[in-house]
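A.B. asks: Attaching a single structure in structure tokens format; questions to follow.
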Amino acid sequence: MTPRIWAVLPAAGRGTRFGGEVPKQYLEAAGKTLIAHALDALLSHPRVDGAMVALAADDLRWPGWTSRHGKPLLRCTGGGERADSVLAALRALPGDVDEDALVLVHDAARPNLRAADLNRLIDVASAHADGAILGAPVRDTLKRADADARIVATEPRSALWRAFTPQAFRRGALTSALERARAEGVLVTDEAMAMERTGAHPALVEGREDNLKVTTPADLALAEYLLARLTE
């Protein structure tokens, strides 16, 4: 039997850095909301069985989807921080998604995920006990600054990567890692950080650099341009 693979999308945030009244996952680009693009990229993949979305308790914008691409799309109530929402979603997954099942955690405002990247990630994470994440090596020169925004030093970049999503881990291991971080009062900024704190060494899978997360209005404009090119 082929192991089950589910996606988790933390979508309880308000997108305060973006500004405006509409949470950024509900902003539109190329005719669909960002979260719809993200879900379609995941659920259209033949190896992904379903998705769980963690929403704010007072979210009135959720369209009420229960399936996409013929696959189950479930919802749960998220928390105040990304890690809280991911943990809530992991706990809410169906009972037949066992502890060893691979879970793909993906940003709801990262709409431009390509199937080839997702396929490589699943292959590597399935073969790697500590899971894997999509990312890209840092290519720009890095400068360390002081409090007055003056350059202090040039930092070596040879071993540095930018972390993308999805990030893929076993359900049980990621749940335990997030629970441990919460108990120790550590705010993790992504799932790999939680896993690293347990001694795990997730694999890095190089993905396309246009798999961008929408954080600013300029990001939204670029995402719309990229998505429009996909449909040409």
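Every chain in the structure tokens has a letter given in the order shown (A, B, ...), and although residue numbers restart at 1 in each chain, ligands are simply numbered from 1 in the order shown.
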Which residues, written as a PyMOL selection string, have at least one atom at most 10 Å from Asp117 (chain A), with only C-alpha atoms counted and residues fewer than 5 positions away on the same chain left out?

C.D. replies: chain A and resi 122-123+134-135+166+205-208+211

A.B. asks: Quick one: contact table of region 59-137 of chain A to region 168-174 of chain A, 7 Å max, nearest atom pair and distance in Å to one decimal per residue, counting only C-alpha atoms, chain and number order, as JSON lines?

C.D. replies:
```
{"residue": "A:Leu90", "atom": "CA", "partner": "A:Arg171", "partner_atom": "CA", "distance": 6.8}
{"residue": "A:Glu99", "atom": "CA", "partner": "A:Gly172", "partner_atom": "CA", "distance": 4.3}
{"residue": "A:Asp100", "atom": "CA", "partner": "A:Arg170", "partner_atom": "CA", "distance": 5.1}
{"residue": "A:Ala101", "atom": "CA", "partner": "A:Arg170", "partner_atom": "CA", "distance": 5.4}
{"residue": "A:Leu102", "atom": "CA", "partner": "A:Arg170", "partner_atom": "CA", "distance": 4.6}
{"residue": "A:Val103", "atom": "CA", "partner": "A:Ala168", "partner_atom": "CA", "distance": 5.5}
{"residue": "A:Leu104", "atom": "CA", "partner": "A:Ala168", "partner_atom": "CA", "distance": 4.5}
{"residue": "A:Val105", "atom": "CA", "partner": "A:Ala168", "partner_atom": "CA", "distance": 6.3}
{"residue": "A:Ala125", "atom": "CA", "partner": "A:Ala168", "partner_atom": "CA", "distance": 6.1}
{"residue": "A:Asp130", "atom": "CA", "partner": "A:Phe169", "partner_atom": "CA", "distance": 6.9}
{"residue": "A:Gly131", "atom": "CA", "partner": "A:Phe169", "partner_atom": "CA", "distance": 4.5}
{"residue": "A:Ala132", "atom": "CA", "partner": "A:Ala168", "partner_atom": "CA", "distance": 5.3}
{"residue": "A:Ile133", "atom": "CA", "partner": "A:Ala168", "partner_atom": "CA", "distance": 5.9}
```

A.B. asks: How would the residues just picked look written out with N, CA, C and O atoms as a compact mmCIF listing (two decimals), in the first residue's frame?

C.D. replies:
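Printed below is out-v1.txt as written:
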```txt
# COMPACT_ATOMS: atom_id res chain seq x y z
N LEU A 90 -2.00 19.36 12.29
CA LEU A 90 -1.46 18.00 12.42
C LEU A 90 -2.35 17.16 13.33
O LEU A 90 -2.62 15.98 13.05
N GLU A 99 1.24 8.02 12.03
CA GLU A 99 2.37 8.80 12.52
C GLU A 99 3.54 8.85 11.54
O GLU A 99 4.33 9.79 11.56
N ASP A 100 3.64 7.85 10.68
CA ASP A 100 4.73 7.81 9.70
C ASP A 100 4.36 8.42 8.36
O ASP A 100 5.18 8.45 7.44
N ALA A 101 3.14 8.92 8.25
CA ALA A 101 2.70 9.53 6.99
C ALA A 101 3.47 10.83 6.74
O ALA A 101 3.77 11.58 7.67
N LEU A 102 3.77 11.09 5.48
CA LEU A 102 4.47 12.32 5.12
C LEU A 102 3.46 13.46 5.06
O LEU A 102 2.39 13.34 4.46
N VAL A 103 3.80 14.58 5.71
CA VAL A 103 2.96 15.77 5.70
C VAL A 103 3.73 16.91 5.06
O VAL A 103 4.89 17.16 5.41
N LEU A 104 3.08 17.59 4.12
CA LEU A 104 3.69 18.72 3.41
C LEU A 104 3.11 20.01 3.97
O LEU A 104 1.91 20.27 3.81
N VAL A 105 3.92 20.80 4.65
CA VAL A 105 3.46 22.07 5.19
C VAL A 105 3.79 23.17 4.18
O VAL A 105 4.95 23.35 3.81
N ALA A 125 12.10 13.47 0.59
CA ALA A 125 11.58 13.36 1.96
C ALA A 125 11.16 11.92 2.27
O ALA A 125 11.31 11.46 3.40
N ASP A 130 14.70 12.19 8.27
CA ASP A 130 14.50 13.49 8.91
C ASP A 130 13.70 14.47 8.06
O ASP A 130 13.55 15.63 8.43
N GLY A 131 13.17 14.00 6.92
CA GLY A 131 12.36 14.87 6.09
C GLY A 131 13.20 15.77 5.19
O GLY A 131 14.42 15.62 5.09
N ALA A 132 12.53 16.71 4.53
CA ALA A 132 13.21 17.58 3.57
C ALA A 132 12.40 18.85 3.37
O ALA A 132 11.20 18.88 3.63
N ILE A 133 13.08 19.89 2.86
CA ILE A 133 12.39 21.13 2.53
C ILE A 133 12.86 21.62 1.17
O ILE A 133 13.97 21.32 0.74
```

A.B. asks: Could you state the separation of CA of Arg144 (chain A) and CA of Trp161 (chain A) in Å, given to one decimal place?

C.D. replies: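 Straight-line distance from CA of Arg144 (chain A) to CA of Trp161 (chain A) works out to 16.4 Å.
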
A.B. asks: Please identify all polymer residues within 8 Å of region 176-182 of chain A, counting only C-alpha atoms, omitting same-chain residues fewer than 2 positions from it, and present them as a ChimeraX atom specification.

C.D. replies: /A:83,87,172-174,184-188,191,194-195,197-198

A.B. asks: Neighbouring residues of His45 (chain A) were defined as those with any atom within 10 Å, considering only C-alpha atoms; residues of the same chain fewer than 2 positions away were excluded. Please report them as a list in words.

C.D. replies: Asp40, Ala41, Leu42, Leu43, Arg47, Val48, Asp49, His69, Arg114, Ala115, Ala116, Leu118 and Asn119 of chain A

A.B. asks: With N, CA and C atoms kept, could you save the residues just selected as a short mmCIF file (atom, residue, chain, number, x, y, z; two decimals), in the first residue's frame?

C.D. replies:
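Result file is again-v1.cif:
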```cif
data_model
loop_
_atom_site.label_atom_id
_atom_site.label_comp_id
_atom_site.auth_asym_id
_atom_site.auth_seq_id
_atom_site.Cartn_x
_atom_site.Cartn_y
_atom_site.Cartn_z
N ASP A 40 -4.50 24.27 -5.17
CA ASP A 40 -4.56 23.57 -6.45
C ASP A 40 -3.20 22.98 -6.83
N ALA A 41 -2.12 23.71 -6.51
CA ALA A 41 -0.78 23.18 -6.80
C ALA A 41 -0.54 21.88 -6.04
N LEU A 42 -1.04 21.80 -4.82
CA LEU A 42 -0.85 20.61 -4.00
C LEU A 42 -1.81 19.49 -4.39
N LEU A 43 -3.10 19.80 -4.45
CA LEU A 43 -4.10 18.75 -4.63
C LEU A 43 -4.20 18.24 -6.06
N ARG A 47 0.23 12.42 -6.07
CA ARG A 47 0.71 11.74 -4.85
C ARG A 47 0.18 12.37 -3.57
N VAL A 48 -0.55 13.46 -3.69
CA VAL A 48 -1.10 14.13 -2.51
C VAL A 48 -2.56 13.71 -2.34
N ASP A 49 -2.90 13.23 -1.14
CA ASP A 49 -4.22 12.64 -0.91
C ASP A 49 -5.27 13.60 -0.38
N HIS A 69 -10.13 19.04 -6.73
CA HIS A 69 -9.51 18.00 -7.55
C HIS A 69 -9.93 16.60 -7.09
N ARG A 114 5.57 24.60 -8.35
CA ARG A 114 5.53 23.79 -9.56
C ARG A 114 5.51 22.29 -9.22
N ALA A 115 4.84 21.52 -10.06
CA ALA A 115 4.68 20.09 -9.83
C ALA A 115 6.03 19.37 -9.79
N ALA A 116 6.98 19.78 -10.63
CA ALA A 116 8.28 19.10 -10.66
C ALA A 116 9.02 19.28 -9.34
N LEU A 118 7.59 19.82 -6.41
CA LEU A 118 6.86 19.04 -5.41
C LEU A 118 7.21 17.57 -5.53
N ASN A 119 7.34 17.09 -6.74
CA ASN A 119 7.66 15.67 -6.95
C ASN A 119 9.05 15.34 -6.41
#
```

A.B. asks: Which residues of region 75-134 of chain A come within 12 Å of region 60-64 of chain A, and what is each one's closest atom pair and distance in Å (one decimal), counting only C-alpha atoms, sorted by chain and residue number, as CSV?

C.D. replies:
```
residue,atom,partner,partner_atom,distance
A:Arg75,CA,A:Gly64,CA,8.9
A:Cys76,CA,A:Trp62,CA,11.6
A:Thr77,CA,A:Trp62,CA,11.9
```

A.B. asks: Just the selected residues (all heavy atoms), exported as a PDB file, in the first residue's frame, please.

C.D. replies:
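Result written to selection00.pdb:
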```pdb
ATOM      1  N   ARG A  75     -10.847  21.586   7.257  1.00  0.00           N
ATOM      2  CA  ARG A  75     -10.436  22.797   7.950  1.00  0.00           C
ATOM      3  C   ARG A  75     -10.439  22.567   9.454  1.00  0.00           C
ATOM      4  O   ARG A  75     -11.142  21.695   9.978  1.00  0.00           O
ATOM      5  CB  ARG A  75     -11.367  23.959   7.627  1.00  0.00           C
ATOM      6  CG  ARG A  75     -12.815  23.725   7.993  1.00  0.00           C
ATOM      7  CD  ARG A  75     -13.633  25.000   7.909  1.00  0.00           C
ATOM      8  NE  ARG A  75     -13.265  25.945   8.962  1.00  0.00           N
ATOM      9  CZ  ARG A  75     -13.829  27.138   9.127  1.00  0.00           C
ATOM     10  NH1 ARG A  75     -14.777  27.541   8.284  1.00  0.00           N
ATOM     11  NH2 ARG A  75     -13.464  27.914  10.104  1.00  0.00           N
ATOM     12  N   CYS A  76      -9.611  23.347  10.149  1.00  0.00           N
ATOM     13  CA  CYS A  76      -9.594  23.340  11.600  1.00  0.00           C
ATOM     14  C   CYS A  76      -9.295  24.769  12.053  1.00  0.00           C
ATOM     15  O   CYS A  76      -9.001  25.641  11.236  1.00  0.00           O
ATOM     16  CB  CYS A  76      -8.549  22.362  12.157  1.00  0.00           C
ATOM     17  SG  CYS A  76      -6.837  22.849  11.809  1.00  0.00           S
ATOM     18  N   THR A  77      -9.365  25.012  13.347  1.00  0.00           N
ATOM     19  CA  THR A  77      -9.069  26.340  13.886  1.00  0.00           C
ATOM     20  C   THR A  77      -7.600  26.426  14.235  1.00  0.00           C
ATOM     21  O   THR A  77      -7.072  25.584  14.970  1.00  0.00           O
ATOM     22  CB  THR A  77      -9.916  26.620  15.133  1.00  0.00           C
ATOM     23  OG1 THR A  77     -11.299  26.552  14.770  1.00  0.00           O
ATOM     24  CG2 THR A  77      -9.619  28.010  15.690  1.00  0.00           C
TER      25      THR A  77
END
```

A.B. asks: For each of A:Ala108, A:Ala145, A:Ala51, A:Ala127, take the minimum atom-to-atom distance to Leu93 (chain A), counting only C-alpha atoms, then give the residue where this is smallest.

C.D. replies: A:Ala51

A.B. asks: As number ranges by chain, please: every residue in region 117-193 of chain A that DSSP puts in strand (DSSP E).

C.D. replies: A: 132-137, 142-145, 151-155, 161-170

A.B. asks: As a PyMOL selection string, please: every residue in region 95-211 of chain A that DSSP puts in helix (DSSP H, G or I).

C.D. replies: chain A and resi 115-127+171-183+191-196

A.B. asks: One decimal, Å: what's the distance from CA of Ala223 (chain A) over to CA of Asp210 (chain A), could you say?

C.D. replies: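 It comes out at 8.3 Å.
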
A.B. asks: I'd like the neighbourhood of Leu160 (chain A) as a list in words, where a residue qualifies if any of its atoms comes within 8 Å (using only C-alpha atoms), though same-chain residues fewer than 2 positions away should be ignored.

C.D. replies: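 What passes the distance filter is Pro137, Val138, Arg157, Ser158 and Arg162 of chain A.
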
A.B. asks: Extract, using only C-alpha atoms, all DNA, RNA and protein residues at most 9 Å from Val53 (chain A), discarding same-chain residues fewer than 4 positions from it, and format them as a PyMOL selection string.

C.D. replies: chain A and resi 7-12+73-78+85-86+89+108

A.B. asks: Excluding region 220-222 of chain A and any residue of its chain fewer than 2 positions from it, enumerate the residues within 12 Å of it, using only C-alpha atoms, and give them as a list in words.

C.D. replies: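 Result of the neighbour search: Phe18, Lys24, Gln25, Tyr26, Leu27, Glu28, Ala29, Ala30, Thr33, Leu34, Ala109, Arg110, Pro111, Asn112, Asp210, Asn211, Leu212, Lys213, Val214, Thr215, Thr216, Pro217, Ala218, Glu224, Tyr225, Leu226, Leu227, Ala228 and Arg229 of chain A.
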
A.B. asks: Measuring between only C-alpha atoms, which one of A:Ile35, A:Ala129, A:Leu55, A:Met193 shows the shortest distance to Asp84 (chain A)?

C.D. replies: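 So, comparing all the options, the nearest one is A:Leu55.
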
A.B. asks: Using CA of Ala149 (chain A) and CA of Glu209 (chain A) as the two end points, give the distance in Å to one decimal.

C.D. replies: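 Taking CA of Ala149 (chain A) as the start and CA of Glu209 (chain A) as the end point, the length is 27.2 Å.
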
A.B. asks: When you count only C-alpha atoms, which of these residues is closest to Ala203 (chain A): A:Gly31, A:Leu121, A:Glu21, A:Asp59?

C.D. replies: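 Looking only at the distances to Ala203 (chain A), the closest residue turns out to be A:Leu121.
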